[in-house]
Every structure is written in C-alpha cells, then in structure tokens.
Amino acid sequence: MNSTSSAFAPLRDLRRALARLTCAVLAVSAGVASAQTLPAATAPGAKSYTVTLKQLGRNYPMSLRGVEATDSVSFDVRADSIVTGARLNLQYSYSPALLAELSQINVLVNDEVAASLPLPKDKAGQLQQQVVEIPAHLITEFNRLSLQFIGHYTMSCEDPQHSSLWAKISNASELGIDVSPLVLPDDLSIIPLPFFDRRDARALDLPFVFAAAPDNATLEAAGALSSWFGAQASYRGARFSSGYNRIPASGNAVVLVSGPDALQIDSLSLPPAKGPTLTVMTNPNDANGKLLVISGRDSNELKRAATALVLGNQALSGNSVVIDRLDVVQPRKPYDAPNWLPSDRPVKLGELLPAKELTVSGYNPGDITVPLNFAPDLFTWREEGAPLNLKYRYTPQEKSNNSSFIISFNDALIQSQNLLSQDKLPSGVLSALKSDDSLGRETSVLLALNSAPLQSRLQLRYMFDYIKQGECNDIIIDNMRGAIDPESTIDVSGYDHFIAMPNLGVFKDAGFPFTRLADLSQTAVVLPDNAGTADLDAYLTVLGRFGNATGYPATGVQVIQAAQVASAADKDLLVLASGGNQPLLAQWADRLPATDADGQQVFNLSDLPMRVREWFSPDPEANLRRTRLAMAFSGGARSTYLTGFESPLKSGRSVVVIASGQPQGLADVTNALIGGEDYTQSVQGSLVVVRGKNIEPLVADEQYYVGSLGPIKYLQWLMSRHVVLALVLTGLGVILLSGLAYLALRALANKRLGG
C-alpha cells in the first residue's frame with residue numbers, strides 16, 4: 001500500500017540505525033558474557049525464523065551458466081521487526097571442470113557482497129552445504145538476495161557459454177533471520193500493519209476475540225474482516241482462530257465488541273462506543289503486540305465499522321475513529337472479482353502486470369509470466385480459444401539464425417516467432433532502426449481454455465542467438481532487449497457462463513458458486529444453533545479463502561441458523577456442522593450423499609476412487625462417476641466430509657456442506673481447502689472425505705447446471721448429449737421439410753393444371 005510506505009518513510013533510516021546499534025549492543029553483551037563465561041542475554045521479544053528459497057518464490061533450483069551469471073530472490077522484513085542477525089544455509093553444486101583459483105560463488109544482499117565461496121576441485125560435482133553469515137546492517141525492509149556464479153575452465157581463451165560453466169543452487173537452501181521487535185505507532189493509517197504484513201512470506205495466522213457468543217450481525221462483520229485479510233494474504237494462505245473474552249498472551253488480534261460488552265473484555269478496558277468505532281491499541285499482555293478493536297453500540301454498528309475498514313482503510317488515520325456516515329456501496333456485478341480476468345471485454349496485459357515486468361534484457365532472460373485467473377464457469381465446449389493479440393519489440397542482432405520469441409500457455413507451446421536479424425530486414429525497416437534501435441512486431445494466437453486450470457499462466461520468452469566468433473574472439477555484449485506492449489490484449493468475452501454442478505474442485509480453487517458475486521451478496525452461511533469455536537474457526541477460514549479467490553471482502557454475506565433458512569431460499573448456502581449440531585443435515589438427509597446421525601454413518605460411493613490417472617477431460621460427461629453403492633455402518637471414528645448438491649429450496653441454487661463428527665475435524669477440511677504439497681489428492685467431485693492429510697474423492701455426480709447459454713448453442717449442446725433427442729429433432733425436421741416441399745409442389749401442379 002502506498003499509504004503504508006509513505007507512513008514509514010521517516011522510519012527507514014531509523015530502522016537501519018537501530019539495526020546497527022542493536023547488533024553492536026548484542027556483540028558487546030556477547031563479548032562481556034564470554035569473558036565472564038556466562039550465556040549471552042536474549043533481547044526481550046527477540047525471535048528467529050527460517051524460510052526456504054522455494055517459500056520465497058523460487059519454485060525451481062537456480063541454474064547459473066556461463067562465465068558470469070546471477071539469479072535472485074526477494075525477501076522482506078516485517079515492519080515491526082529489526083534484524084539482528086541472518087544466515088544462509090546454502091545447498092549447491094558446481095561443475096568438475098572449473099578452475100578453483102578463478103571460480104567462486106558470491107552471496108550478495110542488496111548488491112553488497114556478504115560472502116565469497118571458493119569452489120575446490122575435490123568437492124565438485126556433488127551437493128554441498130555451507131552456512132554463510134550475513135551482516136545485519138545489510139538488511140533493510142525490502143531486500144534482494146543474489147547468488148552470483150563466476151566460472152572459468154581454462155587459463156587461455158575460453159568460450160563464455162561453454163557447457164562446463166555451471167553451478168546449481170538448491171531451492172531448499174534456507175535463509176534464517178533473527179529479529180528484535182520494533183514498536184509501531186497506534187495508527188489506523190498503517191492498516192493492515194501489523195496484523196498482516198506483505199513483507200512476511202509466511203502464512204497469516206490471526207486470532208479473533210469476541211466478548212461473548214456473537215450474534216449473526218457480528219459474525220457477518222467478522223466474515224468481512226477475515227475475507228479481507230485473506231485477500232491481503234494472497235498466495236501465503238490465511239488461517240483464523242476465535243475465542244471468547246480472552247486477549248492473546250502475545251502477538252496481534254482482532255477484537256469485536258458491541259453494546260455493554262464494550263466496557264470490559266478480559267484485561268482490556270474500553271470506553272463506551274459512541275457509534276461505529278475503529279481503534280488500534282497495544283495488547284495489554286504484550287508491549288509488542290497490537291489489537292484492532294471493532295466496536296459499536298450494537299452489532300449493526302459494529303458491522304458498519306468493519307465495512308468501513310475493509311473498503312475505506314486508505315482514508316483512515318489516528319489511533320481511533322468513529323464512522324459518522326457510510327453510504328451504501330455500489331452493488332457488485334457477477335464475475336467482477338478483482339482477482340478474476342474480466343469476461344465482458346478485452347483485457348490489456350498492462351492491467352495484469354506492471355509495465356516494468358513486461359521488459360527483459362539479456363540473451364536468455366527467462367519468461368515474462370502473466371497470471372490469468374479465469375472465472376470458473378467459462379463454457380469452453382466447441383470454442384476454438386481466447387484471442388490473444390500481442391504487440392512486442394526487440395533489438396535486432398547484426399546476424400543471427402535462431403533468435404526467437406516463444407509464446408506458451410501453462411508450459412505448453414503455442415507459437416514461436418523468429419526474431420529477424422539486421423541482415424535479413426528490408427532496407428526500409430533498417431533505416432527506421434537508426435532513430436529507434438528496437439523493432440516492433442505483432443501477432444495473434446488463440447489460447448485453448450478447454451483444459452486450462454483456473455489459475456493459469458501466459459509465458460512469453462525472448463531467446464537471442466549467441467553467435468560464436470571463434471577462439472579468443474568470443475565476448476558477450478549484453479545489449480539484448482525485449483518488451484511486451486502493455487496495450488496487448490486477451491479476450492474471453494466470447495465465452496458463455498455455464499457449468500455442471502456440484503463441482504467441489506471449483507469450490508476449492510475459487511469458492512464458486514459463492515464467489516460469483518465478489519462481495520458474497522448472494523451467499524448465506526448456515527451455522528449450527530450453538531456454534532462453538534471450531535465452527536467459527538472454520539467459518540472465518542473459509543471466508544478467508546473466498547477473499548483470497550476474489551481479492552474482495554465479503555461485505556454482503558448473510559449468516560443464519562437452520563430455522564431462518566427459508567429466508568435465504570434465493571441464495572447459495574454454505575452449511576457448517578460438527579457433531580449433531582446442524583438440524584439441516586437431518587432435514588435434507590435424502591439429498592445428502594453422506595450423513596452421520598444416531599451413531600450411524602451413511603455414504604454413497606462411486607468408482608471415482610478407482611480412477612487410475614489424475615486426469616480430467618474438458619468434456620464433463622467423461623468425468624462423471626455416479627453413485628453405484630450406498631453403505632451404512634456403525635462405530636469407528638466419525639468422518640469429516642465435504643459435499644455439494646442442488647438447493648432443495650430453489651432450483652439452480654447450490655448447497656455446500658462442510659461436516660465433521662467431531663468439532664476438531666472441521667480444521668482438516670479448511671486445511672485441505674488451503675492445500676499444500678503434503679496432500680496427495682485434490683478436492684474434486686461431489687463428495688470428498690478428509691482424514692488428516694488424506695483426501696478421498698468418492699463421488700463425481702453432476703446433477704444440475706448453473707449459468708445460461710444462447711438458444712442456438714444450448715440446443716446444439718443438448719442434442720450432443722442426447723442422441724435420441726437429436727434423432728427425433730432430425731426426423732421432425734425431415735418431416736417438416738418434406739411437408740413443405742409437398743405443399744409447394746402441389747401448389748405448382750395445381751397452378752399448371754389451372755393454367
């Protein structure tokens with residue numbers, strides 16, 4: 001956030017000075033302690049953490065080639081922390097052909113050399129590990145860790161791109177950081193700091209505190225907040241916990257209080273609210289922690305305060321504000337989630353990626369990766385693809401044979417364009433290069449979406465030919481440049497929105513169908529009558545997942561209990577249950593493919609678990625695995641499951657049930673929705689059982705459809721699915737045409753006879 005950066009601009013120099021001072025003090029303390037043979041004292045609130053290069057965004061090992069090559073990752077330090085020490089546990093390997101006296105790997109932090117590692121011959125060609133101490137004064141808020149390889153294989157003339165010049169850095173290498181706390185001001189202008197800090201690459205774990213059992217309006221406010229924090233956390237993931245009348249012993253928390261409860265909560269004394277109020281204050285149990293207090297004279301005012309925070313936090317300042325007026329925000333439109341690719345118009349690539357990230361340099365600079373998050377229900381049946389109109393520029397080489405511009409989609413090659421060198425360009429183009437040394441080109445391709453994941457990648461890559469001049473003549477002049485015009489467009493507006501349901505895969509990946517409207521204004525969450533903290537934890541975490549999918553807070557979500565479900569008949573329903581506390585499971589037992597009541601568990605099963613390959617066809621019919629067996633049993637551990645079906649209250653509306661036989665089981669489902677590498681299966685189909693880290697899809701039975709198609713396409717699609725209907729319609733068409741032909745010929749004959 002720009003407001004956050006500007007708010008902390010005066011603190012940057014202070015942070016650096018404090019870091020140096022803290023290091024000096026700790027060094028002196030350690031020296032004195034050593035002289036007295038006593039352990040060094042740890043600063044109050046100091047802590048350490050480690051992150052791997054993979055967690056910092058490097059999904060593959062760094063491959064460094066050539067005489068000199070560098071690769072980098074970014075790592076940032078939380079605004080409420082000062083670095084007192086750091087170390088890099090580096091795992092690496094290098095070529096056996098290197099000359100040890102001329103080759104090394106340099107570790108740089110913000111372009112300053114922290115260490116230079118020799119590459120001895122006796123350890124070449126094998127994985128090595130070495131700990132590099134990084135001086136704390138090199139580290140600031142935003143940092144770049146670079147690994148530079150310098151390699152030589154001969155004392156005489158060498159090929160700068162020789163195959164023996166290589167080193168690899170494992171992405172399992174760990175960066176350890178020691179920090180001491182830095183107390184931030186109690187100021188709303190820095191929100192979401194410190195409750196969420198985008199500098200922190202770790203998952204967000206944020207507790208919510210209620211004064212007492214919350215009513216529905218308070219829970220709606222909490223859902224808006226958790227979805228907003230989930231949107232901020234993005235790829236990191238976010239989990240939320242809840243508790244009653246107890247401030248955490250340490251760290252940060254969100255506190256929601258209204259009415260008389262606002263006077264006292266645990267050890268925290270608050271003045272009576274004068275209206276919807278937002279306050280940031282120090283955690284009374286931890287001088288380094290903060291509390292974000294949302295309060296009001298009643299729960300409706302509390303909800304208005306939460307809405308003001310998630311939609312207008314950029315305008316807030318000071319440690320406490322009262323929201324005097326909050327006008328009704330403009331309603332959201334379907335599929336307008338900020339994180340989704342707009343499907344009603346062509347979209348410029350400059351809207352999806354900053355212009356500076358569309359420019360590269362060097363002979364082989366790597367991919368320009370444009371994220372494409374598609375709406376989950378784009379109907380791709382018999383569609384050729386989404387038009388991509390690319391405008392790009394490059395610097396032509398004097399001579400080359402193999403320079404190319406490569407377009408890929410989710411690692412699949414779409415097109416490769418030759419980048420002509422100067423000796424192959426027409427004279428008119430060459431004269432234009434005198435005023436502009438880059439050459440503009442344009443191409444159009446189609447991106448097939450029929451099997452594309454919802455979170456897709458458009459990959460654009462320049463590869464410039466390196467021409468060898470001969471022994472002792474090879475030098476690298478790094479003047480190659482390439483750029484994608486931000487005006488380039490991709491267009492999915494030609495696709496209809498239509499999808500077979502239930503589909504737990506799109507629920508996991510995008511929160512669909514609930515996220516069709518980004519503010520969840522057509523969603524109702526049905527909580528148990530006496531919801532416990534496990535139910536609330538699951539509710540807040542699932543709403544956080546929705547916010548992560550849409551990039552927008554759930555300001556329109558409705559929270560109800562089973563008795564009020566009829567009032568939400570025209571909404572999609574998310575039902576939570578733990579144990580036997582959800583009456584709807586008994587009321588809708590005939591529609592549920594799984595039930596757990598009266599000590600008996602009932603499951604409908606298909607042959608989905610017997611699927612040999614983890615592959616899904618673009619044709620929904622090929623993915624169906626309908627129920628083949630119904631089984632009931634007693635005893636054993638209570639199951640945790642996730643299922644979906646059409647709403648019994650209105651056709652075309654959806655119900656998703658998250659249920660567990662014991663409250664703690666709900667966390668297994670929310671963890672599975674967040675996902676991770678330790679899950680061997682994915683959430684898919686219409687019924688999934690979750691046991692810890694094991695996910696078992698049991699049924700994939702698509703029973704209804706949401707969305708709409710044009711009349712002609714709908715008829716074509718209907719006929720393709722029903723052969724008998726196609727034959728009947730064909731027969732009727734033949735009869736109709738025959739009848740018309742007969743009548744026309746009869747009329748012609750009568751006219752001739754009459755003449």
# chains A, B, ... in the order shown; residues from 1 in each chain; ligands from 1
>>> closest_atom_pairs(of="region 280-328 of chain A", to="region 70-93 of chain A", cutoff="12 Å", atoms="only C-alpha atoms", output="Markdown table")
| residue | atom | partner | partner_atom | distance |
| --- | --- | --- | --- | --- |
| A:Ala287 | CA | A:Asp80 | CA | 11.8 |
| A:Asn288 | CA | A:Asp80 | CA | 8.3 |
| A:Gly289 | CA | A:Asp80 | CA | 9.3 |
| A:Lys290 | CA | A:Asp80 | CA | 10.5 |
>>> residues_around(residues="region 118-121 of chain A", least_positions_apart="4", cutoff="10 Å", atoms="only C-alpha atoms", output="ChimeraX atom specification")
/A:93-106,125,151,167
>>> write_last_selection(atoms="all heavy atoms", output="tab-separated table (two decimals), in the first residue's frame")
chain	number	residue	atom	x	y	z
A	93	SER	N	25.85	-27.07	-5.92
A	93	SER	CA	26.79	-27.95	-6.61
A	93	SER	C	27.35	-27.19	-7.80
A	93	SER	O	26.78	-26.18	-8.23
A	93	SER	CB	26.10	-29.25	-7.05
A	93	SER	OG	24.99	-28.96	-7.89
A	94	TYR	N	28.48	-27.69	-8.34
A	94	TYR	CA	29.11	-26.97	-9.44
A	94	TYR	C	29.90	-27.94	-10.31
A	94	TYR	O	30.15	-29.10	-9.95
A	94	TYR	CB	30.01	-25.85	-8.93
A	94	TYR	CG	31.01	-26.26	-7.88
A	94	TYR	CD1	32.29	-26.70	-8.24
A	94	TYR	CD2	30.69	-26.20	-6.53
A	94	TYR	CE1	33.21	-27.08	-7.28
A	94	TYR	CE2	31.61	-26.58	-5.56
A	94	TYR	CZ	32.86	-27.02	-5.94
A	94	TYR	OH	33.77	-27.40	-4.99
A	95	SER	N	30.33	-27.45	-11.46
A	95	SER	CA	30.97	-28.27	-12.48
A	95	SER	C	32.35	-28.77	-12.04
A	95	SER	O	33.14	-28.00	-11.48
A	95	SER	CB	31.09	-27.47	-13.77
A	95	SER	OG	31.92	-28.14	-14.70
A	96	PRO	N	32.68	-30.03	-12.33
A	96	PRO	CA	34.02	-30.54	-12.02
A	96	PRO	C	35.11	-29.93	-12.89
A	96	PRO	O	36.30	-30.07	-12.59
A	96	PRO	CB	33.89	-32.05	-12.29
A	96	PRO	CG	32.42	-32.33	-12.29
A	96	PRO	CD	31.77	-31.09	-12.78
A	97	ALA	N	34.73	-29.25	-13.99
A	97	ALA	CA	35.72	-28.72	-14.92
A	97	ALA	C	36.24	-27.34	-14.51
A	97	ALA	O	37.12	-26.79	-15.18
A	97	ALA	CB	35.13	-28.64	-16.32
A	98	LEU	N	35.72	-26.76	-13.45
A	98	LEU	CA	36.08	-25.40	-13.08
A	98	LEU	C	37.48	-25.31	-12.50
A	98	LEU	O	37.95	-26.24	-11.82
A	98	LEU	CB	35.07	-24.85	-12.07
A	98	LEU	CG	33.62	-24.69	-12.54
A	98	LEU	CD1	32.75	-24.21	-11.39
A	98	LEU	CD2	33.53	-23.74	-13.72
A	99	LEU	N	38.13	-24.18	-12.75
A	99	LEU	CA	39.41	-23.88	-12.13
A	99	LEU	C	39.16	-23.25	-10.76
A	99	LEU	O	38.55	-22.19	-10.66
A	99	LEU	CB	40.23	-22.92	-13.01
A	99	LEU	CG	40.64	-23.45	-14.39
A	99	LEU	CD1	41.38	-22.37	-15.16
A	99	LEU	CD2	41.48	-24.71	-14.27
A	100	ALA	N	39.64	-23.91	-9.71
A	100	ALA	CA	39.32	-23.48	-8.35
A	100	ALA	C	39.85	-22.09	-8.05
A	100	ALA	O	39.21	-21.30	-7.35
A	100	ALA	CB	39.87	-24.49	-7.34
A	101	GLU	N	41.02	-21.75	-8.58
A	101	GLU	CA	41.62	-20.46	-8.24
A	101	GLU	C	40.93	-19.28	-8.95
A	101	GLU	O	41.16	-18.12	-8.58
A	101	GLU	CB	43.11	-20.47	-8.58
A	101	GLU	CG	43.44	-20.73	-10.03
A	101	GLU	CD	43.58	-22.20	-10.35
A	101	GLU	OE1	43.03	-23.03	-9.57
A	101	GLU	OE2	44.23	-22.54	-11.35
A	102	LEU	N	40.11	-19.56	-9.96
A	102	LEU	CA	39.46	-18.48	-10.71
A	102	LEU	C	37.94	-18.48	-10.57
A	102	LEU	O	37.28	-17.58	-11.10
A	102	LEU	CB	39.81	-18.58	-12.21
A	102	LEU	CG	41.29	-18.43	-12.58
A	102	LEU	CD1	41.46	-18.58	-14.08
A	102	LEU	CD2	41.83	-17.08	-12.12
A	103	SER	N	37.36	-19.45	-9.88
A	103	SER	CA	35.90	-19.60	-9.83
A	103	SER	C	35.39	-19.43	-8.41
A	103	SER	O	36.07	-19.82	-7.45
A	103	SER	CB	35.49	-20.97	-10.38
A	103	SER	OG	36.02	-21.18	-11.68
A	104	GLN	N	34.20	-18.88	-8.28
A	104	GLN	CA	33.58	-18.72	-6.96
A	104	GLN	C	32.09	-18.46	-7.09
A	104	GLN	O	31.59	-18.14	-8.17
A	104	GLN	CB	34.23	-17.56	-6.18
A	104	GLN	CG	33.93	-16.19	-6.70
A	104	GLN	CD	35.09	-15.58	-7.47
A	104	GLN	OE1	36.05	-16.27	-7.79
A	104	GLN	NE2	35.01	-14.31	-7.76
A	105	ILE	N	31.40	-18.61	-5.97
A	105	ILE	CA	30.00	-18.22	-5.85
A	105	ILE	C	29.94	-17.11	-4.82
A	105	ILE	O	30.39	-17.27	-3.68
A	105	ILE	CB	29.11	-19.40	-5.43
A	105	ILE	CG1	29.03	-20.44	-6.54
A	105	ILE	CG2	27.70	-18.91	-5.07
A	105	ILE	CD1	28.24	-21.68	-6.18
A	106	ASN	N	29.41	-15.96	-5.23
A	106	ASN	CA	29.28	-14.81	-4.34
A	106	ASN	C	27.86	-14.71	-3.82
A	106	ASN	O	26.89	-14.87	-4.58
A	106	ASN	CB	29.65	-13.52	-5.06
A	106	ASN	CG	31.11	-13.50	-5.49
A	106	ASN	OD1	31.97	-14.00	-4.77
A	106	ASN	ND2	31.39	-12.94	-6.65
A	125	GLY	N	30.93	-31.38	-8.41
A	125	GLY	CA	30.01	-32.38	-8.92
A	125	GLY	C	29.17	-33.05	-7.87
A	125	GLY	O	28.45	-34.02	-8.17
A	151	GLY	N	32.76	-18.31	-13.21
A	151	GLY	CA	33.41	-19.58	-13.52
A	151	GLY	C	34.37	-19.48	-14.69
A	151	GLY	O	34.11	-18.75	-15.66
A	167	ALA	N	26.72	-23.88	-12.32
A	167	ALA	CA	26.53	-24.12	-10.88
A	167	ALA	C	25.03	-24.14	-10.62
A	167	ALA	O	24.26	-23.45	-11.31
A	167	ALA	CB	27.21	-23.04	-10.05
>>> closest_residue(among="A:Gly45, A:Pro387, A:Gly482, A:Pro272", to="Val179 (chain A)", atoms="only C-alpha atoms")
A:Gly45
>>> atom_distance(atom1="CA of Asn285 (chain A)", atom2="CA of Leu204 (chain A)")
20.7 Å
>>> select_by_dssp(residues="region 61-268 of chain A", states="strand (DSSP E or B)", output="PDB file with C-alpha atoms, in the first residue's frame")
ATOM      1  CA  MET A  62      18.744 -21.734  -9.645  1.00  0.00           C
ATOM      2  CA  SER A  63      20.718 -22.775 -12.723  1.00  0.00           C
ATOM      3  CA  LEU A  64      23.686 -20.457 -13.241  1.00  0.00           C
ATOM      4  CA  ARG A  65      25.575 -20.830 -16.538  1.00  0.00           C
ATOM      5  CA  GLU A  68      29.233 -14.816 -15.052  1.00  0.00           C
ATOM      6  CA  ALA A  69      25.593 -15.437 -14.083  1.00  0.00           C
ATOM      7  CA  THR A  70      23.346 -14.151 -11.312  1.00  0.00           C
ATOM      8  CA  ASP A  71      19.923 -15.129 -10.003  1.00  0.00           C
ATOM      9  CA  SER A  72      17.985 -13.520  -7.170  1.00  0.00           C
ATOM     10  CA  VAL A  73      15.067 -13.835  -4.785  1.00  0.00           C
ATOM     11  CA  SER A  74      13.401 -11.112  -2.777  1.00  0.00           C
ATOM     12  CA  PHE A  75      12.880 -11.291   0.961  1.00  0.00           C
ATOM     13  CA  ASP A  76      11.411  -8.643   3.172  1.00  0.00           C
ATOM     14  CA  SER A  81      10.934  -6.141  13.398  1.00  0.00           C
ATOM     15  CA  ILE A  82      14.605  -5.180  13.341  1.00  0.00           C
ATOM     16  CA  VAL A  83      17.092  -7.719  12.013  1.00  0.00           C
ATOM     17  CA  THR A  84      19.864  -8.549  14.486  1.00  0.00           C
ATOM     18  CA  GLY A  85      21.406 -11.410  12.567  1.00  0.00           C
ATOM     19  CA  ALA A  86      20.957 -13.583   9.493  1.00  0.00           C
ATOM     20  CA  ARG A  87      22.466 -16.651   7.911  1.00  0.00           C
ATOM     21  CA  LEU A  88      22.087 -18.530   4.662  1.00  0.00           C
ATOM     22  CA  ASN A  89      22.261 -22.316   4.789  1.00  0.00           C
ATOM     23  CA  LEU A  90      23.296 -22.748   1.169  1.00  0.00           C
ATOM     24  CA  GLN A  91      22.973 -26.030  -0.711  1.00  0.00           C
ATOM     25  CA  TYR A  92      24.773 -26.016  -4.046  1.00  0.00           C
ATOM     26  CA  SER A  93      26.790 -27.953  -6.607  1.00  0.00           C
ATOM     27  CA  TYR A  94      29.111 -26.974  -9.444  1.00  0.00           C
ATOM     28  CA  GLN A 104      33.584 -18.716  -6.961  1.00  0.00           C
ATOM     29  CA  ILE A 105      30.000 -18.215  -5.849  1.00  0.00           C
ATOM     30  CA  ASN A 106      29.282 -14.810  -4.338  1.00  0.00           C
ATOM     31  CA  VAL A 107      26.428 -14.221  -1.915  1.00  0.00           C
ATOM     32  CA  LEU A 108      25.081 -10.677  -2.214  1.00  0.00           C
ATOM     33  CA  VAL A 109      22.428  -8.857  -0.210  1.00  0.00           C
ATOM     34  CA  GLU A 112      26.582  -5.846  -1.302  1.00  0.00           C
ATOM     35  CA  VAL A 113      28.873  -8.886  -1.076  1.00  0.00           C
ATOM     36  CA  ALA A 114      28.183 -10.841   2.115  1.00  0.00           C
ATOM     37  CA  ALA A 115      30.494 -13.762   1.314  1.00  0.00           C
ATOM     38  CA  SER A 116      32.540 -15.297  -1.487  1.00  0.00           C
ATOM     39  CA  LEU A 117      32.646 -19.107  -1.559  1.00  0.00           C
ATOM     40  CA  PRO A 118      35.580 -20.925  -3.180  1.00  0.00           C
ATOM     41  CA  GLN A 128      27.387 -29.305  -0.745  1.00  0.00           C
ATOM     42  CA  GLN A 129      26.132 -27.327   2.200  1.00  0.00           C
ATOM     43  CA  GLN A 130      27.622 -24.253   3.778  1.00  0.00           C
ATOM     44  CA  VAL A 131      26.332 -21.680   6.266  1.00  0.00           C
ATOM     45  CA  VAL A 132      27.007 -18.073   5.308  1.00  0.00           C
ATOM     46  CA  GLU A 133      26.669 -15.415   7.992  1.00  0.00           C
ATOM     47  CA  ILE A 134      25.038 -12.238   6.667  1.00  0.00           C
ATOM     48  CA  PHE A 142      12.833  -4.792   1.192  1.00  0.00           C
ATOM     49  CA  ASN A 143      15.779  -6.960   0.205  1.00  0.00           C
ATOM     50  CA  ARG A 144      17.240  -8.893  -2.674  1.00  0.00           C
ATOM     51  CA  LEU A 145      19.337 -11.987  -2.066  1.00  0.00           C
ATOM     52  CA  SER A 146      21.528 -12.716  -5.103  1.00  0.00           C
ATOM     53  CA  LEU A 147      23.730 -15.695  -5.918  1.00  0.00           C
ATOM     54  CA  GLN A 148      26.452 -14.817  -8.412  1.00  0.00           C
ATOM     55  CA  PHE A 149      28.468 -17.504 -10.165  1.00  0.00           C
ATOM     56  CA  ILE A 150      31.836 -16.656 -11.696  1.00  0.00           C
ATOM     57  CA  TRP A 166      27.634 -24.183 -14.494  1.00  0.00           C
ATOM     58  CA  ALA A 167      26.529 -24.118 -10.883  1.00  0.00           C
ATOM     59  CA  LYS A 168      23.194 -25.023  -9.308  1.00  0.00           C
ATOM     60  CA  ILE A 169      21.672 -23.568  -6.149  1.00  0.00           C
ATOM     61  CA  GLU A 174      17.319 -21.815   3.943  1.00  0.00           C
ATOM     62  CA  LEU A 175      17.539 -18.203   4.998  1.00  0.00           C
ATOM     63  CA  GLY A 176      17.475 -17.777   8.776  1.00  0.00           C
ATOM     64  CA  ILE A 177      16.702 -14.381  10.269  1.00  0.00           C
ATOM     65  CA  ASP A 178      16.985 -13.191  13.877  1.00  0.00           C
ATOM     66  CA  VAL A 179      14.783 -10.234  14.761  1.00  0.00           C
ATOM     67  CA  SER A 180      14.020  -7.981  17.687  1.00  0.00           C
ATOM     68  CA  PRO A 181      10.671  -6.195  17.960  1.00  0.00           C
ATOM     69  CA  LEU A 204      -1.099 -15.494   8.127  1.00  0.00           C
ATOM     70  CA  ASP A 205      -2.407 -16.786  11.454  1.00  0.00           C
ATOM     71  CA  LEU A 206      -4.673 -14.228  13.113  1.00  0.00           C
ATOM     72  CA  PRO A 207      -6.940 -14.700  16.169  1.00  0.00           C
ATOM     73  CA  PHE A 208     -10.383 -13.101  16.519  1.00  0.00           C
ATOM     74  CA  VAL A 209     -11.679 -12.288  20.001  1.00  0.00           C
ATOM     75  CA  PHE A 210     -15.392 -11.906  20.831  1.00  0.00           C
ATOM     76  CA  ALA A 238      -4.532 -17.467   5.992  1.00  0.00           C
ATOM     77  CA  ARG A 239      -5.970 -19.257   8.998  1.00  0.00           C
ATOM     78  CA  PHE A 240      -8.149 -17.663  11.650  1.00  0.00           C
ATOM     79  CA  SER A 241      -8.969 -18.753  15.179  1.00  0.00           C
ATOM     80  CA  SER A 242     -11.602 -17.483  17.567  1.00  0.00           C
ATOM     81  CA  GLY A 243     -12.047 -17.137  21.306  1.00  0.00           C
ATOM     82  CA  TYR A 244     -14.328 -15.544  23.893  1.00  0.00           C
ATOM     83  CA  ALA A 253      -5.508  -9.946  17.418  1.00  0.00           C
ATOM     84  CA  VAL A 254      -8.810  -8.571  16.113  1.00  0.00           C
ATOM     85  CA  VAL A 255     -11.344  -7.767  18.858  1.00  0.00           C
ATOM     86  CA  LEU A 256     -15.085  -7.348  18.138  1.00  0.00           C
ATOM     87  CA  VAL A 257     -17.298  -5.915  20.884  1.00  0.00           C
ATOM     88  CA  SER A 258     -20.652  -4.159  20.941  1.00  0.00           C
ATOM     89  CA  GLN A 264     -14.787  -4.645  29.694  1.00  0.00           C
ATOM     90  CA  ILE A 265     -13.223  -7.617  27.913  1.00  0.00           C
ATOM     91  CA  LEU A 268      -8.927  -4.677  28.405  1.00  0.00           C
TER      92      LEU A 268
END
>>> select_by_dssp(residues="region 659-723 of chain A", states="helix (DSSP H, G or I)", output="ChimeraX atom specification")
/A:663-674,711-721,723
>>> atom_distance(atom1="CA of Asp159 (chain A)", atom2="CA of Ser404 (chain A)")
22.3 Å
>>> closest_residue(among="A:Gln417, A:Pro338, A:Lys713, A:Leu184", to="Asn319 (chain A)", atoms="only C-alpha atoms")
A:Leu184
>>> closest_residue(among="A:Ala577, A:Ala249, A:Ala46, A:Val656", to="Pro284 (chain A)", atoms="only C-alpha atoms")
A:Ala249
>>> residues_around(residues="region 552-560 of chain A", least_positions_apart="5", cutoff="8 Å", atoms="only C-alpha atoms", output="ChimeraX atom specification")
/A:216-217,219-221,223-228,231,307,310-311,337-338,518-527,543,546-547,565
>>> closest_residue(among="A:Leu358, A:Tyr495, A:Tyr363, A:Asp298", to="Glu384 (chain A)", atoms="only C-alpha atoms")
A:Tyr495
>>> atom_distance(atom1="CA of Val689 (chain A)", atom2="CA of Gly511 (chain A)")
18.2 Å
>>> residues_around(residues="Asn59 (chain A)", least_positions_apart="2", cutoff="12 Å", atoms="only C-alpha atoms", output="NGL selection string")
:A and (52-57 or 61-63 or 73 or 169-173)
>>> closest_residue(among="A:Glu646, A:Asp570, A:Asp215, A:Asp509", to="Ser682 (chain A)", atoms="only C-alpha atoms")
A:Asp509
